[in-house]
file coords-v7.cif (mmCIF, C-alpha atoms and all ligand atoms)
data_structure
#
loop_
_atom_site.label_atom_id
_atom_site.label_comp_id
_atom_site.auth_asym_id
_atom_site.auth_seq_id
_atom_site.Cartn_x
_atom_site.Cartn_y
_atom_site.Cartn_z
CA MET A 1 191.53 266.03 40.22
CA ASP A 2 194.08 263.14 40.17
CA SER A 3 192.80 260.05 41.89
CA TYR A 4 194.77 257.09 43.31
CA ASP A 5 194.04 253.68 44.76
CA TYR A 6 196.95 254.04 47.21
CA LEU A 7 198.70 257.21 48.30
CA VAL A 8 201.93 257.09 50.30
CA ILE A 9 202.99 260.30 52.06
CA GLY A 10 206.75 260.51 52.57
CA GLY A 11 209.66 259.48 50.36
CA GLY A 12 211.96 258.18 53.11
CA VAL A 13 212.96 254.54 53.38
CA THR A 14 209.58 253.60 54.89
CA GLY A 15 207.53 255.24 52.14
CA CYS A 16 209.73 254.07 49.24
CA ALA A 17 209.94 250.46 50.48
CA LEU A 18 206.18 250.49 51.05
CA ALA A 19 205.42 251.91 47.58
CA ARG A 20 207.54 249.12 46.08
CA SER A 21 205.74 246.43 48.14
CA LEU A 22 202.32 247.87 47.23
CA ALA A 23 203.17 247.93 43.52
CA LEU A 24 204.40 244.32 43.59
CA LYS A 25 201.32 243.21 45.54
CA HIS A 26 198.63 245.14 43.63
CA ARG A 27 199.73 245.01 39.98
CA GLY A 28 197.92 247.64 37.90
CA ALA A 29 196.77 249.71 40.92
CA LYS A 30 197.23 253.48 40.73
CA ILE A 31 199.83 254.36 43.36
CA ALA A 32 201.63 257.61 44.15
CA VAL A 33 204.26 258.80 46.62
CA LEU A 34 204.01 262.42 47.76
CA GLU A 35 207.31 263.85 49.01
CA LYS A 36 207.65 267.48 50.03
CA GLU A 37 211.37 267.63 49.12
CA GLY A 38 212.82 267.50 45.60
CA LYS A 39 214.36 264.04 46.15
CA VAL A 40 213.84 260.91 48.21
CA ALA A 41 215.83 260.20 51.42
CA PHE A 42 216.31 263.92 52.03
CA HIS A 43 215.70 263.71 55.79
CA THR A 44 216.30 260.90 58.34
CA SER A 45 216.68 258.14 55.75
CA GLY A 46 219.66 259.89 54.20
CA ARG A 47 221.10 261.21 57.47
CA ASN A 48 221.72 258.16 59.63
CA SER A 49 224.63 255.91 60.60
CA GLY A 50 224.04 253.58 57.66
CA VAL A 51 224.36 250.51 59.87
CA VAL A 52 222.44 247.38 58.93
CA HIS A 53 221.80 246.23 62.48
CA ALA A 54 222.16 242.58 63.40
CA GLY A 55 219.16 242.40 65.78
CA TYR A 56 220.59 241.87 69.31
CA ASN A 57 219.52 245.24 70.78
CA GLN A 58 215.81 244.78 70.26
CA LYS A 59 213.72 243.35 73.08
CA PRO A 60 212.18 240.06 71.87
CA GLY A 61 208.46 240.48 71.16
CA THR A 62 208.74 244.05 69.87
CA LEU A 63 208.01 244.97 66.25
CA LYS A 64 211.66 246.08 65.92
CA ALA A 65 212.82 242.60 66.97
CA LYS A 66 210.33 240.98 64.61
CA PHE A 67 211.65 242.80 61.54
CA CYS A 68 215.35 243.46 62.28
CA VAL A 69 216.97 240.06 61.64
CA GLU A 70 214.94 239.36 58.49
CA GLY A 71 215.42 243.00 57.46
CA ASN A 72 219.21 242.65 57.81
CA ARG A 73 219.33 239.53 55.63
CA ARG A 74 216.97 240.89 52.97
CA LEU A 75 218.59 244.33 52.81
CA VAL A 76 222.06 242.83 52.22
CA GLU A 77 220.68 240.45 49.54
CA TYR A 78 218.77 243.32 47.89
CA CYS A 79 221.83 245.59 47.84
CA ARG A 80 224.00 242.84 46.35
CA ALA A 81 221.41 242.22 43.62
CA LYS A 82 221.03 245.94 42.83
CA SER A 83 224.73 246.87 43.14
CA VAL A 84 224.04 249.19 46.08
CA PRO A 85 227.26 249.54 48.11
CA VAL A 86 227.04 247.34 51.23
CA ASP A 87 229.90 246.11 53.41
CA GLU A 88 229.41 243.01 55.57
CA SER A 89 232.15 243.92 58.04
CA GLY A 90 230.44 243.00 61.33
CA ILE A 91 229.77 244.82 64.60
CA LEU A 92 231.73 244.67 67.85
CA ILE A 93 230.08 245.91 71.10
CA VAL A 94 232.94 246.50 73.47
CA ALA A 95 232.69 246.27 77.28
CA ARG A 96 235.32 248.38 78.98
CA ALA A 97 234.52 247.45 82.59
CA GLN A 98 233.21 244.40 84.46
CA ALA A 99 230.00 246.33 85.23
CA GLU A 100 229.11 246.20 81.52
CA ARG A 101 229.37 242.41 81.25
CA ALA A 102 225.79 241.80 82.40
CA THR A 103 224.46 243.96 79.55
CA LEU A 104 226.62 242.07 77.02
CA GLU A 105 225.07 238.82 78.30
CA GLU A 106 221.59 240.34 78.01
CA LEU A 107 222.29 241.43 74.42
CA LEU A 108 223.56 237.93 73.63
CA ARG A 109 220.34 236.46 75.10
CA ARG A 110 218.16 238.88 73.10
CA GLY A 111 220.12 238.24 69.93
CA LYS A 112 219.82 234.45 70.24
CA GLU A 113 216.08 234.71 70.88
CA ASN A 114 215.71 237.04 67.88
CA GLY A 115 217.66 234.59 65.68
CA VAL A 116 220.83 236.62 65.04
CA PRO A 117 223.33 234.29 63.29
CA ASN A 118 226.84 233.53 64.66
CA LEU A 119 226.56 235.90 67.63
CA ARG A 120 229.15 235.29 70.37
CA ILE A 121 231.03 236.92 73.22
CA VAL A 122 234.78 237.28 72.64
CA ASP A 123 237.64 238.10 75.06
CA GLY A 124 240.15 240.97 75.07
CA ALA A 125 242.66 239.07 72.88
CA GLU A 126 240.01 238.34 70.24
CA ILE A 127 238.98 242.04 70.28
CA LYS A 128 242.60 242.94 69.41
CA ARG A 129 242.62 240.35 66.61
CA LEU A 130 239.39 241.71 65.11
CA GLU A 131 240.05 245.40 65.78
CA PRO A 132 243.71 246.12 66.73
CA ASN A 133 242.94 249.70 67.88
CA ALA A 134 239.98 248.85 70.10
CA SER A 135 240.35 247.60 73.63
CA GLY A 136 238.05 246.15 76.22
CA ILE A 137 237.64 243.25 78.59
CA ALA A 138 235.08 241.47 76.39
CA ALA A 139 232.85 242.17 73.42
CA LEU A 140 229.79 240.89 71.63
CA HIS A 141 230.65 240.08 68.02
CA ALA A 142 227.84 240.18 65.42
CA PRO A 143 229.32 239.24 62.02
CA SER A 144 226.00 239.93 60.27
CA GLY A 145 226.16 243.67 61.05
CA SER A 146 226.84 245.60 57.84
CA ALA A 147 227.26 249.12 56.51
CA VAL A 148 225.21 250.54 53.63
CA ASP A 149 224.89 253.79 51.71
CA SER A 150 221.38 254.51 52.96
CA ALA A 151 220.48 257.25 50.44
CA PHE A 152 221.64 255.03 47.56
CA TYR A 153 219.54 252.16 48.97
CA VAL A 154 216.38 254.34 49.19
CA GLU A 155 216.94 255.56 45.63
CA ALA A 156 217.14 251.92 44.46
CA LEU A 157 213.83 251.17 46.22
CA ALA A 158 212.25 254.22 44.57
CA ASP A 159 213.58 253.16 41.13
CA ASP A 160 212.06 249.70 41.64
CA ALA A 161 208.73 251.25 42.62
CA ARG A 162 208.80 253.57 39.57
CA THR A 163 209.53 250.62 37.28
CA ALA A 164 206.52 248.84 38.80
CA GLY A 165 204.32 251.84 37.93
CA VAL A 166 204.41 254.08 41.03
CA GLU A 167 204.22 257.83 40.36
CA PHE A 168 206.62 259.94 42.47
CA ARG A 169 205.33 263.46 43.06
CA LEU A 170 208.48 265.09 44.38
CA GLY A 171 208.51 268.62 45.77
CA GLU A 172 204.82 268.35 46.67
CA GLY A 173 203.93 268.52 50.36
CA VAL A 174 200.67 267.56 52.04
CA LYS A 175 198.96 270.46 53.77
CA ARG A 176 195.60 269.01 54.82
CA ILE A 177 193.76 265.67 54.63
CA ASP A 178 189.96 265.36 54.82
CA GLU A 179 187.95 262.17 54.95
CA ARG A 180 185.17 261.96 52.33
CA SER A 181 182.57 259.18 51.99
CA GLU A 182 184.68 256.65 50.00
CA SER A 183 188.07 258.36 49.86
CA TYR A 184 190.41 261.01 51.23
CA GLU A 185 190.79 264.46 49.77
CA VAL A 186 194.37 265.64 50.09
CA ARG A 187 195.29 269.30 49.76
CA THR A 188 198.93 269.71 48.73
CA THR A 189 201.28 272.57 47.97
CA ASP A 190 200.35 272.03 44.28
CA GLY A 191 196.60 271.44 44.40
CA ARG A 192 194.18 268.69 45.40
CA LEU A 193 194.00 264.95 44.83
CA ARG A 194 191.99 261.97 45.95
CA ALA A 195 193.02 258.60 47.37
CA LYS A 196 191.02 255.54 48.34
CA LYS A 197 193.70 254.36 50.79
CA LEU A 198 196.32 256.44 52.46
CA PHE A 199 199.63 255.56 54.13
CA ASN A 200 201.24 258.21 56.32
CA CYS A 201 205.04 257.67 56.36
CA ALA A 202 205.89 261.33 56.96
CA GLY A 203 208.65 260.70 59.53
CA LEU A 204 209.17 263.82 61.65
CA TYR A 205 205.67 265.09 60.75
CA ALA A 206 203.76 261.80 60.91
CA ASP A 207 202.03 262.73 64.20
CA ARG A 208 200.66 266.02 62.81
CA LEU A 209 199.18 264.34 59.71
CA ALA A 210 197.77 261.47 61.82
CA HIS A 211 196.10 263.92 64.21
CA GLN A 212 194.22 265.50 61.26
CA LEU A 213 192.40 262.18 60.83
CA GLY A 214 191.96 261.51 64.54
CA ALA A 215 194.78 258.89 64.67
CA GLY A 216 197.77 258.81 67.05
CA LEU A 217 196.15 261.34 69.37
CA PRO A 218 197.96 260.19 72.56
CA TYR A 219 201.33 260.86 70.97
CA THR A 220 203.57 263.71 69.95
CA ILE A 221 206.95 263.62 68.17
CA VAL A 222 209.92 265.22 69.89
CA PRO A 223 212.99 265.71 67.66
CA PHE A 224 216.36 264.41 68.93
CA ARG A 225 219.35 265.43 66.87
CA GLY A 226 222.22 262.97 66.33
CA GLU A 227 225.54 264.64 65.54
CA PHE A 228 228.46 262.98 63.75
CA TYR A 229 232.16 263.69 63.31
CA TYR A 230 234.20 262.39 60.37
CA ILE A 231 237.81 261.36 60.85
CA ASP A 232 240.60 262.47 58.54
CA GLU A 233 240.99 260.00 55.67
CA ALA A 234 244.64 259.36 56.60
CA LYS A 235 243.36 257.78 59.83
CA ALA A 236 240.49 255.81 58.26
CA GLY A 237 242.51 252.60 58.61
CA LEU A 238 242.14 252.74 62.39
CA ILE A 239 239.05 250.52 62.27
CA ARG A 240 237.88 247.68 60.03
CA SER A 241 234.19 247.39 60.97
CA MET A 242 231.66 248.99 63.36
CA ILE A 243 232.60 249.46 67.02
CA TYR A 244 229.96 250.27 69.65
CA SER A 245 230.09 250.84 73.37
CA VAL A 246 227.73 248.82 75.57
CA PRO A 247 224.41 250.71 75.43
CA ASP A 248 222.23 251.76 78.34
CA ILE A 249 219.31 249.53 77.39
CA ARG A 250 216.79 251.69 79.26
CA TYR A 251 216.94 254.21 76.40
CA PRO A 252 216.15 253.89 72.69
CA PHE A 253 219.50 255.53 71.73
CA LEU A 254 222.67 253.49 71.29
CA GLY A 255 225.38 256.02 72.06
CA VAL A 256 228.40 257.18 70.11
CA HIS A 257 229.99 254.50 67.92
CA TRP A 258 232.59 254.18 65.18
CA THR A 259 231.41 253.20 61.72
CA ARG A 260 233.50 252.39 58.68
CA THR A 261 231.30 253.54 55.81
CA VAL A 262 230.95 251.74 52.50
CA HIS A 263 233.04 254.52 50.95
CA GLY A 264 236.02 253.76 53.22
CA LYS A 265 235.45 256.81 55.46
CA VAL A 266 235.06 256.62 59.23
CA LYS A 267 232.32 258.45 61.09
CA VAL A 268 231.80 258.68 64.80
CA GLY A 269 228.45 259.39 66.48
CA PRO A 270 225.63 260.00 66.92
CA ASN A 271 224.84 261.58 70.26
CA ALA A 272 221.16 262.35 71.06
CA VAL A 273 220.36 266.01 71.78
CA LEU A 274 216.96 267.65 72.08
CA ALA A 275 216.55 269.67 68.86
CA PHE A 276 214.81 273.05 68.79
CA GLY A 277 212.89 272.21 65.63
CA ARG A 278 211.96 269.13 63.60
CA GLU A 279 214.49 270.01 60.91
CA ALA A 280 216.93 271.95 63.11
CA TYR A 281 220.06 270.18 61.93
CA GLY A 282 222.54 272.81 63.16
CA THR A 283 223.71 272.87 66.79
CA TYR A 284 222.34 276.37 67.42
CA GLN A 285 219.43 276.28 64.95
CA VAL A 286 215.95 277.14 66.27
CA GLN A 287 212.61 276.74 64.44
CA PRO A 288 210.35 279.05 66.47
CA ILE A 289 206.99 277.51 65.45
CA ASP A 290 208.11 274.01 66.41
CA VAL A 291 209.50 275.26 69.71
CA ALA A 292 206.25 277.11 70.48
CA ARG A 293 204.18 274.00 69.73
CA MET A 294 206.50 271.82 71.81
CA THR A 295 206.36 274.10 74.83
CA LEU A 296 202.55 274.20 74.73
CA ASP A 297 202.40 270.40 74.94
CA SER A 298 202.10 268.82 78.42
CA ARG A 299 203.74 265.60 77.14
CA PHE A 300 206.92 267.55 76.43
CA TRP A 301 207.05 268.95 79.98
CA LYS A 302 206.36 265.51 81.48
CA MET A 303 209.25 264.15 79.41
CA LEU A 304 211.56 266.93 80.64
CA ALA A 305 210.56 266.29 84.25
CA GLY A 306 211.52 262.59 84.10
CA ALA A 307 214.77 261.78 85.97
CA ASP A 308 215.93 259.36 83.24
CA PHE A 309 215.52 262.00 80.54
CA ARG A 310 217.40 264.63 82.58
CA ARG A 311 220.43 262.36 82.97
CA LEU A 312 220.41 261.43 79.29
CA ALA A 313 219.99 265.08 78.25
CA GLY A 314 222.82 266.34 80.46
CA GLU A 315 225.42 263.89 79.11
CA ASN A 316 224.37 264.41 75.50
CA LEU A 317 224.14 268.20 75.69
CA LYS A 318 227.75 268.30 76.89
CA SER A 319 228.82 266.21 73.89
CA SER A 320 226.95 268.60 71.56
CA LEU A 321 228.45 271.80 72.93
CA SER A 322 231.98 270.50 73.41
CA LYS A 323 234.04 268.55 70.88
CA THR A 324 236.30 267.44 73.74
CA ALA A 325 233.36 265.86 75.59
CA PHE A 326 232.17 264.16 72.41
CA LEU A 327 235.61 262.78 71.63
CA LYS A 328 236.12 261.55 75.20
CA GLN A 329 233.42 258.97 74.47
CA ALA A 330 234.97 258.13 71.10
CA PHE A 331 238.52 257.73 72.47
CA SER A 332 237.33 255.38 75.21
CA LEU A 333 236.54 252.86 72.43
CA VAL A 334 239.33 253.27 69.86
CA HIS A 335 242.92 254.56 70.23
CA GLY A 336 245.20 256.20 67.71
CA ALA A 337 243.35 259.38 66.69
CA GLU A 338 243.65 262.96 67.96
CA ALA A 339 241.08 265.76 68.23
CA LYS A 340 242.53 267.52 65.18
CA ASP A 341 241.67 264.46 63.03
CA PHE A 342 237.91 265.00 63.51
CA LYS A 343 235.60 267.32 61.55
CA LYS A 344 231.90 267.79 62.18
CA GLY A 345 229.65 266.14 59.53
CA PRO A 346 225.95 266.41 58.71
CA SER A 347 223.59 265.46 61.53
CA GLY A 348 220.29 263.57 61.47
CA ILE A 349 217.12 263.92 63.55
CA ARG A 350 215.22 261.11 65.24
CA ALA A 351 211.41 261.42 65.13
CA GLN A 352 211.01 260.21 68.72
CA LEU A 353 207.45 259.49 69.83
CA VAL A 354 206.49 260.60 73.34
CA ASP A 355 203.34 259.29 75.05
CA THR A 356 200.83 260.93 77.42
CA GLU A 357 203.07 260.10 80.42
CA GLY A 358 206.05 261.83 78.79
CA LYS A 359 207.83 258.48 78.14
CA LEU A 360 210.03 257.90 75.08
CA VAL A 361 208.27 255.12 73.16
CA ASP A 362 210.78 252.37 72.37
CA ASP A 363 209.11 250.50 69.52
CA ILE A 364 207.63 251.18 66.10
CA VAL A 365 203.98 252.28 66.42
CA VAL A 366 201.50 251.73 63.57
CA GLU A 367 197.93 252.98 63.88
CA LYS A 368 195.07 252.20 61.51
CA LYS A 369 192.12 254.58 61.17
CA ASP A 370 189.47 253.58 58.61
CA ASN A 371 191.32 253.41 55.28
CA SER A 372 194.41 255.18 56.51
CA LEU A 373 197.54 253.77 58.16
CA HIS A 374 199.95 255.87 60.20
CA VAL A 375 203.58 254.95 60.85
CA LEU A 376 204.53 256.71 64.05
CA ASN A 377 207.95 256.27 65.63
CA ALA A 378 209.92 254.82 62.73
CA ILE A 379 213.03 254.97 64.91
CA SER A 380 216.26 253.00 64.62
CA PRO A 381 216.66 250.37 63.23
CA GLY A 382 214.00 251.56 60.77
CA LEU A 383 216.45 251.44 57.86
CA THR A 384 217.36 247.83 58.62
CA CYS A 385 213.73 246.75 59.12
CA SER A 386 212.50 248.44 55.92
CA LEU A 387 211.84 245.48 53.57
CA PRO A 388 209.83 243.14 55.88
CA PHE A 389 208.22 246.15 57.57
CA ALA A 390 207.03 247.43 54.17
CA ASP A 391 205.50 244.03 53.32
CA HIS A 392 203.75 244.08 56.71
CA LEU A 393 202.36 247.60 56.13
CA ALA A 394 201.25 246.78 52.57
CA GLY A 395 198.93 244.10 53.93
CA GLN A 396 197.26 246.29 56.55
CA LEU A 397 194.69 248.10 54.36
CA ASP A 398 193.48 245.20 52.16
C1 LIG A 401 221.08 259.85 63.73
C2 LIG A 401 220.35 258.64 63.27
C3 LIG A 401 221.03 257.45 63.06
C4 LIG A 401 220.35 256.31 62.64
N1 LIG A 401 221.06 255.18 62.36
C5 LIG A 401 220.42 254.09 61.88
C6 LIG A 401 221.17 252.94 61.50
O1 LIG A 401 222.39 252.94 61.54
N2 LIG A 401 220.48 251.86 61.10
C7 LIG A 401 219.11 251.82 61.02
O2 LIG A 401 218.55 250.77 60.69
N3 LIG A 401 218.38 252.92 61.33
C8 LIG A 401 219.00 254.05 61.74
N4 LIG A 401 218.29 255.18 62.04
C9 LIG A 401 216.84 255.15 61.88
C10 LIG A 401 216.43 255.31 60.43
O3 LIG A 401 217.19 256.29 59.78
C11 LIG A 401 214.92 255.68 60.43
O4 LIG A 401 214.21 254.67 61.10
C12 LIG A 401 214.37 255.80 59.02
O5 LIG A 401 215.19 256.59 58.20
C13 LIG A 401 212.97 256.40 59.07
O6 LIG A 401 212.54 256.54 57.75
P1 LIG A 401 211.17 257.24 57.39
O7 LIG A 401 210.96 256.99 55.94
O8 LIG A 401 210.12 256.74 58.32
O9 LIG A 401 211.37 258.78 57.71
P2 LIG A 401 212.10 259.91 56.83
O10 LIG A 401 213.35 259.44 56.23
O11 LIG A 401 212.17 261.12 57.69
O12 LIG A 401 211.06 260.17 55.67
C14 LIG A 401 209.89 260.87 55.84
C15 LIG A 401 209.66 261.71 54.61
O13 LIG A 401 208.39 262.32 54.68
C16 LIG A 401 208.49 263.59 54.08
N5 LIG A 401 207.39 264.41 54.58
C17 LIG A 401 207.19 264.88 55.83
N6 LIG A 401 206.05 265.60 55.90
C18 LIG A 401 205.53 265.59 54.66
C19 LIG A 401 204.37 266.17 54.10
N7 LIG A 401 203.53 266.92 54.82
N8 LIG A 401 204.12 265.99 52.78
C20 LIG A 401 204.96 265.24 52.00
N9 LIG A 401 206.07 264.67 52.49
C21 LIG A 401 206.36 264.84 53.81
C22 LIG A 401 209.86 264.10 54.50
O14 LIG A 401 210.33 265.12 53.66
C23 LIG A 401 210.68 262.83 54.46
O15 LIG A 401 211.38 262.67 53.25
C24 LIG A 401 218.94 256.35 62.46
C25 LIG A 401 218.25 257.54 62.66
C26 LIG A 401 218.95 258.69 63.04
C27 LIG A 401 218.21 259.97 63.23
#
call {"tool": "encode", "arguments": {"input": "coords-v7.cif", "output": "structure tokens"}}
result
Amino acid sequence: MDSYDYLVIGGGVTGCALARSLALKHRGAKIAVLEKEGKVAFHTSGRNSGVVHAGYNQKPGTLKAKFCVEGNRRLVEYCRAKSVPVDESGILIVARAQAERATLEELLRRGKENGVPNLRIVDGAEIKRLEPNASGIAALHAPSGSAVDSAFYVEALADDARTAGVEFRLGEGVKRIDERSESYEVRTTDGRLRAKKLFNCAGLYADRLAHQLGAGLPYTIVPFRGEFYYIDEAKAGLIRSMIYSVPDIRYPFLGVHWTRTVHGKVKVGPNAVLAFGREAYGTYQVQPIDVARMTLDSRFWKMLAGADFRRLAGENLKSSLSKTAFLKQAFSLVHGAEAKDFKKGPSGIRAQLVDTEGKLVDDIVVEKKDNSLHVLNAISPGLTCSLPFADHLAGQLD
């Protein structure tokens, strides 16, 4: 039976960045990454907005706030050094009505406390100078916001880890984990193996693996799909950077925004719709086993019963079922495109943690149980936070 000092489950950005950190920290240790798909970044890490967040959204004191600003700086430096496409074009959060000004001020306050560089509020004329097709009464400008090819970035992390000696066991999923006296016995789709220390970075399935070892028991993951539209390439010149609306800061989701990708395309999204399955990427796709498990869970029903959730769900469901409703949000930010210019693109799914009260948990949660560590709720900006977060995780099981 193969035996490892450190076993990482999940080849998303969290698992690949962690494997790299572990290999650099424990030279000569036997380390493996187990990934159920045939390649890394197959799920959330390769299906996101690709925005390197600046760090103004995160409430000071949270883990997200702790890692976002450093994560932004390090990710951009890393990508430059490794020739991973990254575009430091900046982010503009546009207020369209006076009522949104207070939130802009709050984001400015958060950003300053979190250490976001060169953050400032600009007026309508400055918005036009920065983004001629956007309009609003004021905006928060974060020049350190960038765009990255997230799958390319995760592949670079995995290559680094491989070079440092990490074994990637792709196409091998974990079925069951049992604790033995000095190690864990892991049953996979290909056989059995042993690990002295185990890191669970399984994204949408992290709660189920954690529960097998008695960790994360108060929580369950509820999948929220984020859908994107791509604009016709002829209209890609409409924007120069990333343009967001002012978010409702009571929720962990940021709302539909415009992103100029590193490949010169423009994508708009994502919304946040309850998905009927943890990998139900299509609008009408249903995974019956996931739905059955969800509906037998009291935390799910408590979440549905919450007034905040019902309002959020209503608005987002409309934008999922109707292109017109989706584009109404998009057109309120940027002018110059028509419905016919937009085509639906691949969606991504957020692994949103829900607690015993049915509340959507709004920070990264990491739980340690004996010699295992469980990353629950690696929500946005998990891509941005990845490098400092990985260093933090790598030190937790010493
Ligand atoms: C729509 C959307 C937009 C986003 N936009 C941004 C953004 O612009 N900027 C940003 O910073 N963040 C963003 N995020 C968040 C970011 O994408 C996530 O925080 C990050 O990708 C989480 O990575 P992960 O490695 O934890 O999970 P994943 O990428 O899901 O990786 C987990 C891996 O574990 C594997 N796995 C699962 N179960 C098993 C098993 N039993 N055995 C073996 N392997 C298993 C899966 O196949 C998967 O590859 C966005 C997320 C979404 C959904």
call {"tool": "atom_distance", "arguments": {"input": "coords-v7.cif", "atom1": "CA of Ile137 (chain A)", "atom2": "CA of Val52 (chain A)"}}
result
25.2 Å
call {"tool": "residues_near_ligand", "arguments": {"input": "coords-v7.cif", "ligand": "ligand LIG 401 (chain A)", "cutoff": "7 Å", "atoms": "only C-alpha atoms and all ligand atoms", "output": "PyMOL selection string"}}
result
chain A and resi 9-15+34-37+40-53+172-175+201-206+225-227+270+347-350+378-385
call {"tool": "atom_distance", "arguments": {"input": "coords-v7.cif", "atom1": "CA of Ser298 (chain A)", "atom2": "CA of Gly282 (chain A)"}}
result
25.8 Å
call {"tool": "atom_distance", "arguments": {"input": "coords-v7.cif", "atom1": "CA of Tyr153 (chain A)", "atom2": "CA of Ala17 (chain A)"}}
result
9.9 Å
call {"tool": "residues_near_point", "arguments": {"input": "coords-v7.cif", "point": "(241.8, 256.1, 71.7)", "cutoff": "12 Å", "atoms": "all atoms listed in the file", "output": "MDAnalysis selection string"}}
result
chainID A and resid 132:136 238:239 258 327:339
call {"tool": "closest_residue", "arguments": {"input": "coords-v7.cif", "among": "A:Lys66, A:Arg96, A:His211, A:Arg162", "to": "Ile177 (chain A)", "atoms": "only C-alpha atoms"}}
result
A:His211
call {"tool": "closest_residue", "arguments": {"input": "coords-v7.cif", "among": "A:Met1, A:Cys16, A:Ile93, A:Met303", "to": "Asn200 (chain A)", "atoms": "only C-alpha atoms"}}
result
A:Cys16
call {"tool": "closest_residue", "arguments": {"input": "coords-v7.cif", "among": "A:Glu126, A:Glu367, A:Asp341, A:Glu70", "to": "Lys235 (chain A)", "atoms": "only C-alpha atoms"}}
result
A:Asp341
call {"tool": "closest_residue", "arguments": {"input": "coords-v7.cif", "among": "A:Gly277, A:Gly165, A:Gly38, A:Gly55", "to": "Ile289 (chain A)", "atoms": "all atoms listed in the file"}}
result
A:Gly277
call {"tool": "residues_around", "arguments": {"input": "coords-v7.cif", "residues": "Val268 (chain A)", "least_positions_apart": "2", "cutoff": "8 Å", "atoms": "all atoms listed in the file", "output": "ChimeraX atom specification"}}
result
/A:228-231,256-259,266,270,330
call {"tool": "residues_around", "arguments": {"input": "coords-v7.cif", "residues": "Asp391 (chain A)", "least_positions_apart": "5", "cutoff": "10 Å", "atoms": "only C-alpha atoms", "output": "ChimeraX atom specification"}}
result
/A:17-22,24-25,386,396
call {"tool": "write_last_selection", "arguments": {"input": "coords-v7.cif", "atoms": "C-alpha atoms", "output": "compact mmCIF listing (two decimals), keeping the file's coordinate frame"}}
result
# COMPACT_ATOMS: atom_id res chain seq x y z
CA ALA A 17 209.94 250.46 50.48
CA LEU A 18 206.18 250.49 51.05
CA ALA A 19 205.42 251.91 47.58
CA ARG A 20 207.54 249.12 46.08
CA SER A 21 205.74 246.43 48.14
CA LEU A 22 202.32 247.87 47.23
CA LEU A 24 204.40 244.32 43.59
CA LYS A 25 201.32 243.21 45.54
CA SER A 386 212.50 248.44 55.92
CA GLN A 396 197.26 246.29 56.55
call {"tool": "closest_residue", "arguments": {"input": "coords-v7.cif", "among": "A:Ala81, A:Val222, A:Val361, A:Ala161", "to": "Ala280 (chain A)", "atoms": "only C-alpha atoms"}}
result
A:Val222
call {"tool": "residues_around", "arguments": {"input": "coords-v7.cif", "residues": "Ser183 (chain A)", "least_positions_apart": "3", "cutoff": "9 Å", "atoms": "only C-alpha atoms", "output": "NGL selection string"}}
result
:A and (178-180 or 194-198 or 371)
call {"tool": "decode", "arguments": {"input": "coords-v7.cif", "residues": "region 16-50 of chain A", "atoms": "C-alpha atoms", "output": "mmCIF file, in the first residue's frame"}}
result
data_model
loop_
_atom_site.group_PDB
_atom_site.id
_atom_site.type_symbol
_atom_site.label_atom_id
_atom_site.label_comp_id
_atom_site.auth_asym_id
_atom_site.auth_seq_id
_atom_site.Cartn_x
_atom_site.Cartn_y
_atom_site.Cartn_z
ATOM 1 C CA CYS A 16 -2.442 22.790 -5.529
ATOM 2 C CA ALA A 17 -1.210 25.917 -3.711
ATOM 3 C CA LEU A 18 -1.089 23.919 -0.466
ATOM 4 C CA ALA A 19 0.839 21.018 -2.047
ATOM 5 C CA ARG A 20 3.386 23.543 -3.346
ATOM 6 C CA SER A 21 3.723 25.193 0.097
ATOM 7 C CA LEU A 22 4.079 21.806 1.821
ATOM 8 C CA ALA A 23 6.770 20.684 -0.622
ATOM 9 C CA LEU A 24 8.749 23.909 -0.161
ATOM 10 C CA LYS A 25 8.402 23.688 3.638
ATOM 11 C CA HIS A 26 9.104 19.962 4.118
ATOM 12 C CA ARG A 27 11.834 19.139 1.590
ATOM 13 C CA GLY A 28 12.108 15.378 1.018
ATOM 14 C CA ALA A 29 8.680 14.582 2.541
ATOM 15 C CA LYS A 30 6.437 12.189 0.613
ATOM 16 C CA ILE A 31 3.454 14.240 -0.558
ATOM 17 C CA ALA A 32 0.567 13.410 -2.883
ATOM 18 C CA VAL A 33 -2.483 15.198 -4.267
ATOM 19 C CA LEU A 34 -5.543 13.061 -4.952
ATOM 20 C CA GLU A 35 -7.900 14.556 -7.533
ATOM 21 C CA LYS A 36 -10.974 12.710 -8.747
ATOM 22 C CA GLU A 37 -10.942 14.413 -12.169
ATOM 23 C CA GLY A 38 -8.361 13.849 -14.921
ATOM 24 C CA LYS A 39 -6.905 17.364 -14.539
ATOM 25 C CA VAL A 40 -6.485 20.084 -11.934
ATOM 26 C CA ALA A 41 -8.837 23.115 -11.737
ATOM 27 C CA PHE A 42 -11.675 21.107 -13.276
ATOM 28 C CA HIS A 43 -14.358 22.504 -10.949
ATOM 29 C CA THR A 44 -14.695 25.869 -9.134
ATOM 30 C CA SER A 45 -11.056 26.876 -9.571
ATOM 31 C CA GLY A 46 -11.393 26.769 -13.348
ATOM 32 C CA ARG A 47 -14.953 28.120 -13.471
ATOM 33 C CA ASN A 48 -14.847 31.494 -11.761
ATOM 34 C CA SER A 49 -14.663 35.172 -12.728
ATOM 35 C CA GLY A 50 -10.864 35.163 -12.730
#
